[in-house]
Amino acid sequence: MEGITGNIATVGYGLATIGPGIGLGIVIGQTQIATARQPEVAGRLFTNMMIGAALIEVLGLLGLVAGLMFT
Amino acid sequence: MLPGERILSTAAIALPILAETEDSSGSGFHAPGIDEFFPPAIFGSTDLDSWWGFDRIMMVRVIMMVVLLLLLWLGIRRAKLVPGRGQNIIELGVEFVRVQIAEQVLGHERAKPYLAMLTTIFFTVLTMNIAGVIPFLNISGNARVGLPLVLAVWVLVVYLAAGVRKHGVGKYLKAQLFPPGIPWPAYLLITPIEALQVFVLRPATLTIRLLANMMAGHLMLVLCFSATNFLLLEGGGLVKLTSALSFAGGIFITLFEVFVALLQAYIFTLLASIYLNFALEEEH
């Protein structure tokens, strides 16, 4: 077996998950902190978290789609 | 299409083991790729880029739509003031869309004209997504671009129409493309970005989010269960034991997919109502 065979696109998807991973961590973590401080607005905070998470998530998914398409 | 792809193959935990057994057994492991989403047509045209081939995914869509309509019809056929069990579940879903999504974002009065659309979208997306984990259907109706695209374009048309009807064409475009309160040279940057947002990026991201989530889920399921099959049947000695691991992974991902199906239906509907809210907002 000579070296590694495979497709570099798989590495690309791995890279594409880093940014959204950090972003989701920040969004969800900050929502946790905010909820702990003000549990009475937890519902509203959760909705806003889902919106932010959905926007961030697209970036990671773009990496997946690009990996499948441009190879 | 894209022959010889091994797109998600490195995601397999057991890949080193697979590579070893590949040489000895000779049959090899087939990693799932994008071909999964373009199965051969059952009837109709069999050309790959034909519009008239009726394949597995189309069949799943039709079946799930019939099931959804049937369930809704059975549930509300004899709707009572004190709901029975079936009616209760349907009311739970409808109420969830109305209270948790539409009214929370749009407010009680403004949500009313759009409740039908949002509820339809929620139930459609949910039913199509759930098909991804139902045995023998095994693929989501949203795993190919057609259905998410139709839903997203529907949302686009509705929020554009809502904005135009409320503010008039000129005022609506002005409010969307020229947000007030910034120095005028900034419009050179802001206006193209906002135009792209309103007309392209919102529906495009709605489509891609749903599509890619369902694609990824399906690929993970295929990977886990085909790895289980391969390891159990063709692995030698102790390697057979690792199939238990990939099978457990498959079960876990199946459960996770149920969660993702619900979540995506929620997010799609939530974002649709948020975009509606942007269009209906008063000028400030």
# chains A, B, ... in the order shown; residues from 1 in each chain; ligands from 1
>>> select_by_dssp(residues="chain A", states="alpha helix (DSSP H)", output="count of residues only")
58
>>> interface_residues(of="chain A", to="chain B", cutoff="9 Å", atoms="only C-alpha atoms", output="PyMOL selection string")
chain A and resi 6-7+9-10+44+47+50-51+54-55+57-58+61-62+64-65+67-69+71
>>> write_last_selection(atoms="all heavy atoms", output="CSV table (one decimal), in the first residue's frame")
chain,number,residue,atom,x,y,z
A,6,GLY,N,-7.6,8.2,-1.4
A,6,GLY,CA,-8.9,8.7,-1.0
A,6,GLY,C,-9.1,10.1,-1.6
A,6,GLY,O,-8.4,10.5,-2.5
A,7,ASN,N,-10.0,10.8,-1.0
A,7,ASN,CA,-10.4,12.1,-1.6
A,7,ASN,C,-10.2,13.2,-0.6
A,7,ASN,O,-10.5,13.1,0.5
A,7,ASN,CB,-11.9,12.0,-2.0
A,7,ASN,CG,-12.2,13.1,-3.0
A,7,ASN,OD1,-11.8,14.2,-2.9
A,7,ASN,ND2,-13.1,12.7,-3.9
A,9,ALA,N,-11.6,15.9,-0.5
A,9,ALA,CA,-12.9,16.5,-0.1
A,9,ALA,C,-13.3,16.2,1.3
A,9,ALA,O,-13.9,17.0,2.0
A,9,ALA,CB,-14.0,16.2,-1.1
A,10,THR,N,-12.9,15.0,1.7
A,10,THR,CA,-13.3,14.5,3.1
A,10,THR,C,-12.6,15.4,4.1
A,10,THR,O,-13.2,15.8,5.1
A,10,THR,CB,-12.9,13.1,3.3
A,10,THR,OG1,-11.6,12.9,2.9
A,10,THR,CG2,-13.8,12.2,2.6
A,44,ARG,N,-38.1,32.4,25.3
A,44,ARG,CA,-37.7,33.4,24.3
A,44,ARG,C,-36.2,33.2,23.9
A,44,ARG,O,-35.9,33.2,22.7
A,44,ARG,CB,-37.9,34.8,24.9
A,44,ARG,CG,-37.7,35.9,23.9
A,44,ARG,CD,-38.9,36.0,22.9
A,44,ARG,NE,-38.4,36.6,21.7
A,44,ARG,CZ,-38.8,36.4,20.5
A,44,ARG,NH1,-39.8,35.6,20.3
A,44,ARG,NH2,-38.4,37.0,19.5
A,47,THR,N,-35.9,30.1,21.6
A,47,THR,CA,-36.2,30.4,20.2
A,47,THR,C,-35.1,31.2,19.5
A,47,THR,O,-34.7,30.8,18.4
A,47,THR,CB,-37.5,31.3,20.2
A,47,THR,OG1,-38.5,30.7,21.0
A,47,THR,CG2,-38.0,31.5,18.8
A,50,MET,N,-32.3,28.9,18.7
A,50,MET,CA,-32.6,28.0,17.5
A,50,MET,C,-32.3,28.8,16.2
A,50,MET,O,-31.8,28.2,15.3
A,50,MET,CB,-34.0,27.5,17.6
A,50,MET,CG,-34.3,26.5,18.6
A,50,MET,SD,-33.0,25.2,18.8
A,50,MET,CE,-33.1,24.5,17.3
A,51,ILE,N,-32.8,30.0,16.2
A,51,ILE,CA,-32.6,30.8,15.0
A,51,ILE,C,-31.1,31.0,14.7
A,51,ILE,O,-30.6,30.7,13.6
A,51,ILE,CB,-33.2,32.2,15.2
A,51,ILE,CG1,-34.7,32.1,15.3
A,51,ILE,CG2,-32.9,33.1,13.9
A,51,ILE,CD1,-35.4,33.3,15.9
A,54,ALA,N,-29.5,27.7,13.6
A,54,ALA,CA,-29.9,27.4,12.3
A,54,ALA,C,-29.1,28.1,11.2
A,54,ALA,O,-28.6,27.6,10.2
A,54,ALA,CB,-31.4,27.7,12.0
A,55,LEU,N,-28.8,29.4,11.5
A,55,LEU,CA,-28.0,30.2,10.6
A,55,LEU,C,-26.6,29.7,10.6
A,55,LEU,O,-25.9,29.6,9.5
A,55,LEU,CB,-28.0,31.7,11.0
A,55,LEU,CG,-29.4,32.3,10.9
A,55,LEU,CD1,-29.3,33.8,11.3
A,55,LEU,CD2,-29.9,32.2,9.4
A,57,GLU,N,-25.5,26.6,11.4
A,57,GLU,CA,-25.5,25.2,10.9
A,57,GLU,C,-25.4,25.2,9.4
A,57,GLU,O,-24.7,24.3,8.9
A,57,GLU,CB,-26.8,24.6,11.4
A,57,GLU,CG,-26.9,23.1,11.2
A,57,GLU,CD,-28.3,22.6,11.3
A,57,GLU,OE1,-29.2,23.4,11.0
A,57,GLU,OE2,-28.5,21.5,11.8
A,58,VAL,N,-26.0,26.2,8.7
A,58,VAL,CA,-25.9,26.1,7.2
A,58,VAL,C,-24.5,26.1,6.7
A,58,VAL,O,-24.2,25.5,5.8
A,58,VAL,CB,-26.6,27.4,6.7
A,58,VAL,CG1,-26.3,27.6,5.2
A,58,VAL,CG2,-28.1,27.3,6.9
A,61,LEU,N,-23.2,22.7,6.8
A,61,LEU,CA,-23.9,21.9,5.8
A,61,LEU,C,-23.4,22.2,4.4
A,61,LEU,O,-23.4,21.4,3.5
A,61,LEU,CB,-25.4,22.1,5.9
A,61,LEU,CG,-25.9,21.5,7.2
A,61,LEU,CD1,-27.4,21.9,7.4
A,61,LEU,CD2,-25.8,20.0,7.3
A,62,LEU,N,-23.1,23.5,4.2
A,62,LEU,CA,-22.5,23.9,2.9
A,62,LEU,C,-21.2,23.1,2.6
A,62,LEU,O,-21.0,22.7,1.5
A,62,LEU,CB,-22.2,25.4,2.9
A,62,LEU,CG,-23.3,26.4,2.6
A,62,LEU,CD1,-22.9,27.8,2.7
A,62,LEU,CD2,-24.0,26.1,1.3
A,64,LEU,N,-20.6,20.1,3.7
A,64,LEU,CA,-21.0,18.8,3.3
A,64,LEU,C,-21.5,18.7,1.9
A,64,LEU,O,-21.0,17.8,1.1
A,64,LEU,CB,-22.2,18.3,4.2
A,64,LEU,CG,-22.8,17.0,3.9
A,64,LEU,CD1,-21.9,15.9,4.3
A,64,LEU,CD2,-24.1,16.8,4.4
A,65,VAL,N,-22.3,19.7,1.5
A,65,VAL,CA,-22.8,19.7,0.1
A,65,VAL,C,-21.7,19.9,-0.9
A,65,VAL,O,-21.6,19.2,-1.9
A,65,VAL,CB,-23.9,20.8,-0.1
A,65,VAL,CG1,-24.3,20.9,-1.5
A,65,VAL,CG2,-25.1,20.5,0.8
A,67,GLY,N,-18.6,19.1,-0.5
A,67,GLY,CA,-17.8,17.9,-0.5
A,67,GLY,C,-18.4,16.9,-1.4
A,67,GLY,O,-17.7,16.2,-2.1
A,68,LEU,N,-19.7,16.8,-1.4
A,68,LEU,CA,-20.4,15.8,-2.3
A,68,LEU,C,-20.4,16.3,-3.8
A,68,LEU,O,-20.4,15.5,-4.7
A,68,LEU,CB,-21.8,15.6,-1.8
A,68,LEU,CG,-22.0,14.8,-0.6
A,68,LEU,CD1,-23.4,14.9,-0.1
A,68,LEU,CD2,-21.6,13.3,-0.9
A,69,MET,N,-20.5,17.6,-4.0
A,69,MET,CA,-20.7,18.1,-5.3
A,69,MET,C,-19.4,18.3,-6.1
A,69,MET,O,-19.2,17.8,-7.2
A,69,MET,CB,-21.4,19.4,-5.3
A,69,MET,CG,-22.9,19.3,-5.1
A,69,MET,SD,-23.7,20.9,-5.0
A,69,MET,CE,-23.5,21.5,-6.7
A,71,THR,N,-16.4,17.1,-6.3
A,71,THR,CA,-15.3,16.2,-6.3
A,71,THR,C,-15.1,15.4,-7.6
A,71,THR,O,-16.0,15.3,-8.4
A,71,THR,CB,-15.5,15.1,-5.2
A,71,THR,OG1,-16.8,14.6,-5.3
A,71,THR,CG2,-15.3,15.8,-3.8
>>> residues_around(residues="Phe54 in chain B", least_positions_apart="6", cutoff="10 Å", atoms="only C-alpha atoms", output="list in words")
Pro39, Pro40, Ala41, Ile42, Phe43, Gly44, Ser45 and Thr46 of chain B
>>> residues_around(residues="Gly21 in chain A", least_positions_apart="6", cutoff="12 Å", atoms="only C-alpha atoms", output="number ranges by chain")
A: 14-15, 27-29, 53, 56-61
>>> closest_residue(among="B:Lys174, B:Arg61, B:Arg78, B:His218", to="Pro148 in chain B", atoms="only C-alpha atoms")
B:Arg61
>>> atom_distance(atom1="CA of Gly52 in chain A", atom2="CA of Ile26 in chain A")
10.3 Å
>>> decode(residues="range 87-112 of chain B", atoms="N, CA and C atoms", output="short mmCIF file (atom, residue, chain, number, x, y, z; two decimals), in the first residue's frame")
data_model
loop_
_atom_site.label_atom_id
_atom_site.label_comp_id
_atom_site.auth_asym_id
_atom_site.auth_seq_id
_atom_site.Cartn_x
_atom_site.Cartn_y
_atom_site.Cartn_z
N GLN B 87 -57.29 12.73 17.64
CA GLN B 87 -57.49 14.17 17.48
C GLN B 87 -56.57 14.96 18.39
N ASN B 88 -56.29 14.38 19.57
CA ASN B 88 -55.44 15.04 20.53
C ASN B 88 -54.04 15.25 19.99
N ILE B 89 -53.50 14.19 19.35
CA ILE B 89 -52.14 14.28 18.83
C ILE B 89 -52.06 15.34 17.73
N ILE B 90 -53.06 15.33 16.84
CA ILE B 90 -53.06 16.31 15.75
C ILE B 90 -53.20 17.72 16.31
N GLU B 91 -54.08 17.88 17.31
CA GLU B 91 -54.23 19.21 17.91
C GLU B 91 -52.96 19.67 18.58
N LEU B 92 -52.21 18.70 19.14
CA LEU B 92 -50.93 19.03 19.76
C LEU B 92 -50.01 19.68 18.73
N GLY B 93 -49.93 19.04 17.54
CA GLY B 93 -49.05 19.57 16.49
C GLY B 93 -49.51 20.93 15.99
N VAL B 94 -50.82 21.04 15.73
CA VAL B 94 -51.35 22.30 15.20
C VAL B 94 -51.17 23.42 16.21
N GLU B 95 -51.43 23.08 17.48
CA GLU B 95 -51.29 24.08 18.53
C GLU B 95 -49.84 24.50 18.70
N PHE B 96 -48.93 23.53 18.57
CA PHE B 96 -47.51 23.83 18.69
C PHE B 96 -47.09 24.86 17.65
N VAL B 97 -47.52 24.63 16.39
CA VAL B 97 -47.16 25.57 15.33
C VAL B 97 -47.76 26.94 15.62
N ARG B 98 -49.04 26.94 16.07
CA ARG B 98 -49.71 28.23 16.26
C ARG B 98 -49.11 29.01 17.43
N VAL B 99 -49.00 28.34 18.57
CA VAL B 99 -48.59 29.07 19.78
C VAL B 99 -47.08 29.25 19.85
N GLN B 100 -46.35 28.15 19.66
CA GLN B 100 -44.91 28.22 19.89
C GLN B 100 -44.15 28.88 18.75
N ILE B 101 -44.67 28.77 17.52
CA ILE B 101 -43.92 29.33 16.40
C ILE B 101 -44.56 30.62 15.90
N ALA B 102 -45.78 30.51 15.34
CA ALA B 102 -46.36 31.64 14.63
C ALA B 102 -46.63 32.82 15.54
N GLU B 103 -47.35 32.55 16.66
CA GLU B 103 -47.76 33.67 17.51
C GLU B 103 -46.59 34.25 18.28
N GLN B 104 -45.61 33.40 18.61
CA GLN B 104 -44.46 33.93 19.33
C GLN B 104 -43.64 34.88 18.47
N VAL B 105 -43.56 34.56 17.17
CA VAL B 105 -42.75 35.40 16.28
C VAL B 105 -43.58 36.55 15.71
N LEU B 106 -44.77 36.23 15.21
CA LEU B 106 -45.54 37.22 14.47
C LEU B 106 -46.52 38.00 15.33
N GLY B 107 -46.85 37.45 16.48
CA GLY B 107 -47.90 38.09 17.28
C GLY B 107 -49.26 37.53 16.89
N HIS B 108 -50.23 37.68 17.83
CA HIS B 108 -51.49 36.98 17.69
C HIS B 108 -52.25 37.35 16.42
N GLU B 109 -52.35 38.65 16.14
CA GLU B 109 -53.20 39.09 15.03
C GLU B 109 -52.55 38.84 13.67
N ARG B 110 -51.26 39.20 13.59
CA ARG B 110 -50.59 39.10 12.29
C ARG B 110 -50.36 37.66 11.86
N ALA B 111 -50.34 36.74 12.83
CA ALA B 111 -50.06 35.34 12.50
C ALA B 111 -51.23 34.67 11.78
N LYS B 112 -52.43 35.23 12.01
CA LYS B 112 -53.64 34.53 11.58
C LYS B 112 -53.67 34.14 10.09
#
